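Source file: query_7.csv. Holds: CSV, C-alpha atoms.
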```csv
chain,number,residue,atom,x,y,z
A,1,MET,CA,-30.1,-15.3,29.1
A,2,LYS,CA,-29.4,-14.8,25.4
A,3,HIS,CA,-27.6,-11.6,24.5
A,4,SER,CA,-30.5,-10.7,22.2
A,5,THR,CA,-32.7,-10.7,25.2
A,6,LYS,CA,-30.2,-8.5,27.0
A,7,ILE,CA,-30.1,-6.0,24.2
A,8,LEU,CA,-33.9,-5.8,24.2
A,9,GLY,CA,-33.6,-5.0,27.9
A,10,GLY,CA,-30.9,-2.5,27.2
A,11,LEU,CA,-33.0,-0.9,24.4
A,12,ALA,CA,-36.0,-0.7,26.8
A,13,LEU,CA,-33.7,1.0,29.3
A,14,TYR,CA,-32.6,3.5,26.6
A,15,CYS,CA,-36.2,4.3,25.8
A,16,VAL,CA,-37.0,4.6,29.5
A,17,ALA,CA,-34.0,6.9,29.9
A,18,LEU,CA,-35.6,9.2,27.4
A,19,ALA,CA,-38.8,9.4,29.5
A,20,PRO,CA,-37.9,11.4,32.7
A,21,ALA,CA,-41.0,10.1,34.5
A,22,ALA,CA,-39.6,6.6,35.0
A,23,PRO,CA,-36.1,6.8,36.5
A,24,ALA,CA,-36.9,4.2,39.2
A,25,PHE,CA,-37.7,1.5,36.7
A,26,ALA,CA,-34.5,2.3,34.8
A,27,GLN,CA,-32.6,1.9,38.1
A,28,ASP,CA,-34.3,-1.4,38.9
A,29,ALA,CA,-33.6,-2.8,35.5
A,30,ALA,CA,-29.9,-1.8,35.4
A,31,LEU,CA,-27.8,-4.4,33.6
A,32,SER,CA,-24.7,-6.0,35.2
A,33,ASP,CA,-21.3,-5.1,33.8
A,34,GLU,CA,-21.1,-8.3,31.9
A,35,ASP,CA,-24.6,-7.8,30.4
A,36,THR,CA,-23.7,-4.3,29.5
A,37,GLN,CA,-20.6,-5.4,27.7
A,38,ALA,CA,-22.5,-8.0,25.8
A,39,ALA,CA,-25.3,-5.6,24.9
A,40,TYR,CA,-22.7,-3.0,23.9
A,41,ALA,CA,-20.9,-5.6,21.6
A,42,MET,CA,-24.2,-6.5,20.0
A,43,THR,CA,-25.2,-2.8,19.5
A,44,MET,CA,-21.8,-2.0,17.9
A,45,MET,CA,-22.1,-5.0,15.6
A,46,CYS,CA,-25.6,-3.9,14.6
A,47,LEU,CA,-24.2,-0.4,14.0
A,48,GLU,CA,-21.4,-1.9,11.9
A,49,ALA,CA,-23.9,-3.9,9.8
A,50,THR,CA,-26.1,-0.9,9.3
A,51,THR,CA,-23.0,1.1,8.2
A,52,SER,CA,-22.2,-1.6,5.7
A,53,MET,CA,-25.7,-1.3,4.3
A,54,ALA,CA,-25.4,2.5,4.1
A,55,ILE,CA,-22.1,2.2,2.2
A,56,LYS,CA,-23.7,-0.2,-0.2
A,57,ALA,CA,-26.8,2.0,-0.7
A,58,GLN,CA,-24.6,5.0,-1.3
A,59,GLN,CA,-22.5,3.2,-3.8
A,60,ALA,CA,-25.8,2.2,-5.6
A,61,GLY,CA,-27.0,5.8,-5.6
A,62,ASP,CA,-30.1,4.7,-3.6
A,63,THR,CA,-30.7,7.9,-1.6
A,64,ALA,CA,-33.9,6.6,0.2
A,65,ALA,CA,-32.2,3.5,1.4
A,66,TYR,CA,-29.1,5.5,2.4
A,67,ASP,CA,-31.2,7.9,4.4
A,68,LYS,CA,-33.0,5.1,6.2
A,69,MET,CA,-29.7,3.4,7.0
A,70,LYS,CA,-28.3,6.7,8.3
A,71,ASN,CA,-31.3,7.0,10.6
A,72,ASP,CA,-31.0,3.4,11.8
A,73,GLY,CA,-27.3,3.9,12.3
A,74,ALA,CA,-27.9,7.0,14.4
A,75,LEU,CA,-30.3,5.1,16.6
A,76,TRP,CA,-27.8,2.3,17.1
A,77,LEU,CA,-25.1,4.8,17.9
A,78,GLY,CA,-27.3,6.5,20.4
A,79,VAL,CA,-28.0,3.2,22.1
A,80,ALA,CA,-24.3,2.3,22.0
A,81,GLU,CA,-23.4,5.6,23.7
A,82,THR,CA,-25.6,4.8,26.7
A,83,PHE,CA,-23.9,1.5,27.2
A,84,ALA,CA,-20.5,3.0,26.4
A,85,LYS,CA,-21.0,5.6,29.1
A,86,ASP,CA,-21.5,2.8,31.7
A,87,LEU,CA,-18.4,1.1,30.5
A,88,GLY,CA,-16.3,4.3,30.5
A,89,ARG,CA,-15.8,4.1,26.7
A,90,SER,CA,-16.7,6.1,23.6
A,91,ALA,CA,-19.0,4.5,21.1
A,92,ASP,CA,-18.0,7.2,18.6
A,93,THR,CA,-14.3,6.3,18.9
A,94,ASP,CA,-15.0,2.5,18.8
A,95,PHE,CA,-17.2,3.1,15.7
A,96,ASP,CA,-14.2,4.5,13.8
A,97,ASP,CA,-12.9,0.9,13.7
A,98,SER,CA,-16.0,-0.5,12.1
A,99,VAL,CA,-15.4,1.0,8.7
A,100,GLY,CA,-11.8,-0.3,8.7
A,101,ARG,CA,-13.1,-3.8,9.6
A,102,ILE,CA,-15.7,-3.7,6.9
A,103,LEU,CA,-13.1,-2.8,4.3
A,104,ALA,CA,-10.7,-5.4,5.5
A,105,GLU,CA,-13.3,-8.1,5.3
A,106,GLY,CA,-14.2,-6.9,1.8
A,107,ASN,CA,-10.6,-7.3,0.8
A,108,LEU,CA,-10.2,-10.8,2.2
A,109,LEU,CA,-13.6,-12.3,1.2
A,110,GLY,CA,-14.6,-10.2,-1.8
A,111,ASP,CA,-17.1,-7.4,-1.4
A,112,ASP,CA,-20.2,-9.6,-2.3
A,113,VAL,CA,-19.4,-12.3,0.3
A,114,ALA,CA,-18.6,-9.7,3.0
A,115,TYR,CA,-21.8,-7.8,2.2
A,116,ALA,CA,-23.9,-11.0,2.3
A,117,ARG,CA,-22.7,-11.6,5.8
A,118,GLN,CA,-23.3,-8.0,7.0
A,119,LYS,CA,-26.8,-8.3,5.5
A,120,GLN,CA,-27.5,-11.4,7.6
A,121,VAL,CA,-26.5,-9.5,10.7
A,122,PHE,CA,-28.4,-6.4,9.6
A,123,ASP,CA,-31.6,-8.4,9.1
A,124,ALA,CA,-31.2,-10.0,12.6
A,125,CYS,CA,-30.7,-6.5,14.1
A,126,SER,CA,-33.7,-5.1,12.3
A,127,VAL,CA,-35.8,-7.8,14.0
A,128,ILE,CA,-34.5,-6.4,17.4
A,129,LEU,CA,-35.2,-2.8,16.3
A,130,ASN,CA,-38.8,-3.7,15.2
A,131,SER,CA,-39.5,-5.7,18.4
A,132,THR,CA,-38.4,-2.7,20.4
A,133,ALA,CA,-40.5,-0.3,18.4
A,134,GLU,CA,-43.7,-2.5,18.9
B,135,MET,CA,-2.5,-10.8,-5.1
B,136,LYS,CA,-1.7,-12.8,-2.0
B,137,MET,CA,2.0,-12.3,-2.7
B,138,ILE,CA,1.6,-8.6,-3.0
B,139,TRP,CA,-0.2,-8.5,0.4
B,140,GLY,CA,2.5,-10.7,1.9
B,141,ALA,CA,5.2,-8.5,0.6
B,142,ALA,CA,3.4,-5.3,1.8
B,143,MET,CA,2.8,-6.8,5.2
B,144,ALA,CA,6.4,-8.0,5.5
B,145,ALA,CA,7.6,-4.4,4.7
B,146,MET,CA,5.3,-3.1,7.3
B,147,VAL,CA,6.6,-5.5,9.9
B,148,LEU,CA,10.1,-4.3,9.3
B,149,ALA,CA,9.0,-0.7,9.4
B,150,ALA,CA,7.3,-1.3,12.7
B,151,SER,CA,10.6,-1.6,14.5
B,152,PRO,CA,10.9,1.3,17.0
B,153,VAL,CA,14.4,1.9,15.6
B,154,ALA,CA,12.9,2.5,12.2
B,155,ALA,CA,10.1,4.6,13.6
B,156,GLN,CA,9.5,7.8,11.6
B,157,GLU,CA,6.8,10.2,11.0
B,158,THR,CA,4.4,8.6,8.6
B,159,THR,CA,2.4,10.4,5.9
B,160,ASP,CA,-1.4,10.1,5.7
B,161,ALA,CA,-1.1,7.7,2.9
B,162,GLN,CA,1.3,5.5,4.9
B,163,ARG,CA,-1.0,5.7,7.8
B,164,ASN,CA,-4.0,4.6,5.8
B,165,GLU,CA,-2.0,1.7,4.4
B,166,THR,CA,-0.9,0.7,7.8
B,167,LEU,CA,-4.4,0.9,9.1
B,168,LYS,CA,-5.6,-1.3,6.2
B,169,LEU,CA,-2.9,-3.9,7.1
B,170,TYR,CA,-3.7,-3.6,10.8
B,171,TYR,CA,-7.4,-4.4,10.2
B,172,THR,CA,-6.5,-7.3,7.9
B,173,SER,CA,-4.1,-8.7,10.5
B,174,MET,CA,-6.9,-8.4,13.2
B,175,SER,CA,-9.4,-10.2,10.9
B,176,CYS,CA,-7.0,-12.9,10.1
B,177,SER,CA,-6.1,-13.4,13.8
B,178,GLN,CA,-9.8,-13.6,14.6
B,179,SER,CA,-10.5,-16.1,11.8
B,180,ALA,CA,-7.7,-18.4,13.0
B,181,SER,CA,-8.8,-18.1,16.6
B,182,VAL,CA,-12.5,-18.9,15.8
B,183,ALA,CA,-11.4,-21.9,13.8
B,184,SER,CA,-9.1,-23.1,16.5
B,185,VAL,CA,-11.8,-22.9,19.1
B,186,PHE,CA,-14.9,-23.9,17.3
B,187,ASP,CA,-13.8,-26.4,14.6
B,188,ASP,CA,-14.4,-29.7,16.3
B,189,LYS,CA,-13.0,-31.6,13.3
B,190,LEU,CA,-9.5,-30.4,14.1
B,191,ASP,CA,-6.9,-32.8,15.5
B,192,ALA,CA,-4.4,-31.6,18.1
B,193,ALA,CA,-1.8,-30.6,15.5
B,194,GLY,CA,-4.3,-28.7,13.4
B,195,LYS,CA,-5.5,-26.8,16.5
B,196,LYS,CA,-2.0,-25.9,17.5
B,197,ALA,CA,-1.2,-24.7,14.0
B,198,LEU,CA,-4.2,-22.4,14.0
B,199,GLU,CA,-3.4,-21.1,17.5
B,200,ASP,CA,0.2,-20.3,16.3
B,201,GLU,CA,-1.2,-18.6,13.3
B,202,ALA,CA,-3.7,-16.6,15.4
B,203,ALA,CA,-0.8,-15.5,17.7
B,204,TYR,CA,1.4,-14.5,14.8
B,205,TRP,CA,-1.3,-12.3,13.3
B,206,LEU,CA,-2.0,-10.7,16.7
B,207,VAL,CA,1.7,-9.9,17.2
B,208,LEU,CA,1.8,-8.4,13.7
B,209,ALA,CA,-1.4,-6.4,14.4
B,210,GLY,CA,0.3,-5.2,17.6
B,211,LEU,CA,3.3,-3.9,15.7
B,212,LEU,CA,1.1,-2.3,13.1
B,213,GLY,CA,-1.3,-0.9,15.7
B,214,GLU,CA,1.5,0.8,17.6
B,215,GLN,CA,2.2,2.9,14.5
B,216,VAL,CA,-1.4,4.1,14.2
B,217,GLY,CA,-2.5,4.4,17.8
B,218,HIS,CA,-4.4,1.1,18.1
B,219,ASP,CA,-4.1,-1.4,21.0
B,220,ALA,CA,-4.4,-4.7,19.2
B,221,ASN,CA,-4.9,-6.8,22.3
B,222,LYS,CA,-7.7,-4.6,23.6
B,223,GLU,CA,-9.4,-4.5,20.3
B,224,PHE,CA,-9.0,-8.2,19.9
B,225,ALA,CA,-10.9,-8.6,23.2
B,226,ASP,CA,-13.7,-6.3,21.9
B,227,GLU,CA,-14.0,-8.2,18.7
B,228,ALA,CA,-14.3,-11.5,20.6
B,229,GLN,CA,-17.3,-10.0,22.4
B,230,ARG,CA,-18.8,-9.0,19.1
B,231,ILE,CA,-18.2,-12.5,17.7
B,232,LEU,CA,-20.1,-14.0,20.6
B,233,ALA,CA,-22.9,-11.5,20.1
B,234,THR,CA,-23.1,-12.5,16.4
B,235,MET,CA,-23.3,-16.1,17.4
B,236,ASP,CA,-26.3,-15.2,19.6
B,237,LEU,CA,-27.9,-13.5,16.6
B,238,LEU,CA,-27.0,-15.8,13.8
B,239,GLY,CA,-26.1,-19.1,15.5
B,240,ASN,CA,-22.6,-20.6,15.9
B,241,ASP,CA,-22.5,-22.3,12.5
B,242,ALA,CA,-23.1,-19.2,10.5
B,243,VAL,CA,-20.3,-17.4,12.3
B,244,VAL,CA,-17.9,-20.2,12.2
B,245,ASP,CA,-18.6,-20.6,8.5
B,246,HIS,CA,-18.0,-16.9,7.9
B,247,TYR,CA,-14.6,-17.0,9.5
B,248,LYS,CA,-13.8,-20.3,7.7
B,249,LYS,CA,-14.1,-18.4,4.4
B,250,MET,CA,-11.3,-16.1,5.5
B,251,ARG,CA,-9.0,-19.0,6.2
B,252,ALA,CA,-7.9,-19.3,2.5
B,253,PRO,CA,-6.8,-15.7,1.9
B,254,CYS,CA,-5.4,-15.3,5.4
B,255,ASN,CA,-3.5,-18.5,5.2
B,256,GLY,CA,-2.1,-17.6,1.8
B,257,ILE,CA,-0.7,-14.4,3.1
B,258,TYR,CA,0.6,-16.2,6.2
B,259,VAL,CA,2.5,-18.7,4.1
B,260,GLU,CA,4.0,-15.8,2.1
B,261,LEU,CA,5.0,-14.0,5.3
B,262,GLN,CA,6.7,-17.2,6.6
B,263,LYS,CA,8.7,-17.5,3.4
B,264,SER,CA,9.8,-13.9,3.7
B,265,LYS,CA,11.2,-14.3,7.2
```

Please re-express this file's structure in structure tokens.
Amino acid sequence: MKHSTKILGGLALYCVALAPAAPAFAQDAALSDEDTQAAYAMTMMCLEATTSMAIKAQQAGDTAAYDKMKNDGALWLGVAETFAKDLGRSADTDFDDSVGRILAEGNLLGDDVAYARQKQVFDACSVILNSTAE
Amino acid sequence: MKMIWGAAMAAMVLAASPVAAQETTDAQRNETLKLYYTSMSCSQSASVASVFDDKLDAAGKKALEDEAAYWLVLAGLLGEQVGHDANKEFADEAQRILATMDLLGNDAVVDHYKKMRAPCNGIYVELQKSK
């Protein structure tokens, strides 16, 4: 099973978790530890890419784009927290590292190259978000 | 630029000794964190290249593995100063790299880390000289 399929399953679980009427389904569809770790990794990576887009939008003074990225970022963080809880971790704490990584990659590769890569990831993550919303 | 990074990292390695441990200021902490993340990125770039570059011969693979290990040890020393567990975070990052490969394909990810080889290797060479 591809990780992108797993994350869709995880996102579906997250949505179900918000609806108190369907706890049985959520239980039946619970991910294995390995799948949860993979889904968590992908969620954090999507959060990192979204953060990178938010930083860029803020630098460009594009308030509308920044607000949209902030909302998307909050969504990814919320999903990440549900996985993190299962893994005994804190997505919030892990997220602190993301900004450090973004800056380090910018230093090594140049900001434009680092941004282009994060944009690729962000676009792929947006496809997942949109599929889940449908 | 590479030489400045190399010198800064060499200074940080020396300062990472427990004997030389001292209370760091916020500015020092930020600088150490910056170097920590750089070391982690460089370790990952060398690891990804050593595993996924099928054009490498045995000597090239070994050189990359050695470089990846060097960066990770350096990250470990820097991480100790700022409350980061380099080995644990390296494992987390490996998961993210695999997840990115699922999303973008192996080639895109390998190519991304390949781009880091030049700056990382430049710093690595400087660090070896400063030993």

List as CSV every residue of chain A that is in contact with chain B, defined as an atom at most 12 Å from one of its atoms (using all atoms listed in the file), together with the nearest atom pair and the distance in Å rounded to one decimal, sorted by chain and then rising number.
```
residue,atom,partner,partner_atom,distance
A:Met1,CA,B:Asp236,CA,10.2
A:Lys2,CA,B:Asp236,CA,6.6
A:His3,CA,B:Asp236,CA,6.2
A:Ser4,CA,B:Asp236,CA,6.7
A:Thr5,CA,B:Asp236,CA,9.6
A:Lys6,CA,B:Ala233,CA,10.5
A:Ile7,CA,B:Ala233,CA,9.9
A:Glu34,CA,B:Gln229,CA,10.4
A:Asp35,CA,B:Gln229,CA,11.1
A:Thr36,CA,B:Gln229,CA,11.1
A:Gln37,CA,B:Gln229,CA,7.8
A:Ala38,CA,B:Gln229,CA,6.5
A:Ala39,CA,B:Ala233,CA,8.0
A:Tyr40,CA,B:Arg230,CA,8.6
A:Ala41,CA,B:Arg230,CA,4.7
A:Met42,CA,B:Ala233,CA,5.2
A:Thr43,CA,B:Arg230,CA,8.9
A:Met44,CA,B:Arg230,CA,7.7
A:Met45,CA,B:Arg230,CA,6.3
A:Cys46,CA,B:Thr234,CA,9.1
A:Leu47,CA,B:Arg230,CA,11.4
A:Glu48,CA,B:Arg230,CA,10.4
A:Ala49,CA,B:Thr234,CA,10.9
A:Arg89,CA,B:Asp226,CA,11.6
A:Thr93,CA,B:His218,CA,11.2
A:Asp94,CA,B:Glu223,CA,9.1
A:Phe95,CA,B:Asp226,CA,11.8
A:Asp96,CA,B:His218,CA,11.2
A:Asp97,CA,B:Tyr171,CA,8.4
A:Ser98,CA,B:Tyr171,CA,9.6
A:Val99,CA,B:Tyr171,CA,9.8
A:Gly100,CA,B:Tyr171,CA,6.2
A:Arg101,CA,B:Tyr171,CA,5.8
A:Ile102,CA,B:Tyr171,CA,9.0
A:Leu103,CA,B:Lys168,CA,7.9
A:Ala104,CA,B:Thr172,CA,5.2
A:Glu105,CA,B:Ser175,CA,7.1
A:Gly106,CA,B:Thr172,CA,9.8
A:Asn107,CA,B:Thr172,CA,8.2
A:Leu108,CA,B:Pro253,CA,6.0
A:Leu109,CA,B:Met250,CA,6.2
A:Gly110,CA,B:Met250,CA,9.9
A:Val113,CA,B:His246,CA,9.0
A:Ala114,CA,B:His246,CA,8.7
A:Tyr115,CA,B:His246,CA,11.4
A:Ala116,CA,B:His246,CA,10.0
A:Arg117,CA,B:His246,CA,7.4
A:Gln118,CA,B:His246,CA,10.4
A:Lys119,CA,B:Leu238,CA,11.2
A:Gln120,CA,B:Leu238,CA,7.6
A:Val121,CA,B:Leu238,CA,7.0
A:Phe122,CA,B:Leu237,CA,10.0
A:Asp123,CA,B:Leu237,CA,9.8
A:Ala124,CA,B:Leu237,CA,6.3
A:Cys125,CA,B:Leu237,CA,7.9
A:Ser126,CA,B:Leu237,CA,11.1
A:Val127,CA,B:Leu237,CA,10.1
A:Ile128,CA,B:Leu237,CA,9.7
```

Discussion item. One number please: CA of Val244 in chain B to CA of Phe186 in chain B, in Å, one decimal.
Written reply: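 Spanning CA of Val244 in chain B to CA of Phe186 in chain B is a straight-line distance of 7.0 Å.
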
Worksheet item: Looking at B:Glu260, B:Asp241, B:Asp200, B:Glu214, which one is nearest to Asp188 in chain B, with distances taken over all atoms listed in the file?
Response: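 That would be B:Asp241, the residue with the smallest distance to Asp188 in chain B.
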
Discussion item. Could you list, as a VMD selection string, every residue within 12 Å of Trp205 in chain B, counting all atoms listed in the file and ignoring same-chain residues fewer than 4 positions away?
Written reply: chain B and resid 143 to 144 147 169 to 181 198 to 201 209 to 213 220 to 221 224 254 to 255 257 to 259 261 to 262

Once you have the residues from the selection above, write them out as a short mmCIF file (atom, residue, chain, number, x, y, z; two decimals), in the frame of the given file, restricted to C-alpha atoms.
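After the write, out26.cif holds the following:
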```
data_model
loop_
_atom_site.label_atom_id
_atom_site.label_comp_id
_atom_site.auth_asym_id
_atom_site.auth_seq_id
_atom_site.Cartn_x
_atom_site.Cartn_y
_atom_site.Cartn_z
CA MET B 143 2.80 -6.80 5.20
CA ALA B 144 6.40 -8.00 5.50
CA VAL B 147 6.60 -5.50 9.90
CA LEU B 169 -2.90 -3.90 7.10
CA TYR B 170 -3.70 -3.60 10.80
CA TYR B 171 -7.40 -4.40 10.20
CA THR B 172 -6.50 -7.30 7.90
CA SER B 173 -4.10 -8.70 10.50
CA MET B 174 -6.90 -8.40 13.20
CA SER B 175 -9.40 -10.20 10.90
CA CYS B 176 -7.00 -12.90 10.10
CA SER B 177 -6.10 -13.40 13.80
CA GLN B 178 -9.80 -13.60 14.60
CA SER B 179 -10.50 -16.10 11.80
CA ALA B 180 -7.70 -18.40 13.00
CA SER B 181 -8.80 -18.10 16.60
CA LEU B 198 -4.20 -22.40 14.00
CA GLU B 199 -3.40 -21.10 17.50
CA ASP B 200 0.20 -20.30 16.30
CA GLU B 201 -1.20 -18.60 13.30
CA ALA B 209 -1.40 -6.40 14.40
CA GLY B 210 0.30 -5.20 17.60
CA LEU B 211 3.30 -3.90 15.70
CA LEU B 212 1.10 -2.30 13.10
CA GLY B 213 -1.30 -0.90 15.70
CA ALA B 220 -4.40 -4.70 19.20
CA ASN B 221 -4.90 -6.80 22.30
CA PHE B 224 -9.00 -8.20 19.90
CA CYS B 254 -5.40 -15.30 5.40
CA ASN B 255 -3.50 -18.50 5.20
CA ILE B 257 -0.70 -14.40 3.10
CA TYR B 258 0.60 -16.20 6.20
CA VAL B 259 2.50 -18.70 4.10
CA LEU B 261 5.00 -14.00 5.30
CA GLN B 262 6.70 -17.20 6.60
#
```

Worksheet item: Between CA of Ala91 in chain A and CA of Ala57 in chain A, what is the spacing in Å?
Response: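 For CA of Ala57 in chain A relative to CA of Ala91 in chain A, the distance reads 23.3 Å.
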
Discussion item. My list of candidates is A:Asp33, A:Leu129, A:Ala60, A:Lys85. Which is closest to Gly73 in chain A when distances are computed with only C-alpha atoms?
Written reply: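 Between A:Asp33, A:Leu129, A:Ala60, A:Lys85, the residue approaching Gly73 in chain A most closely is A:Leu129.
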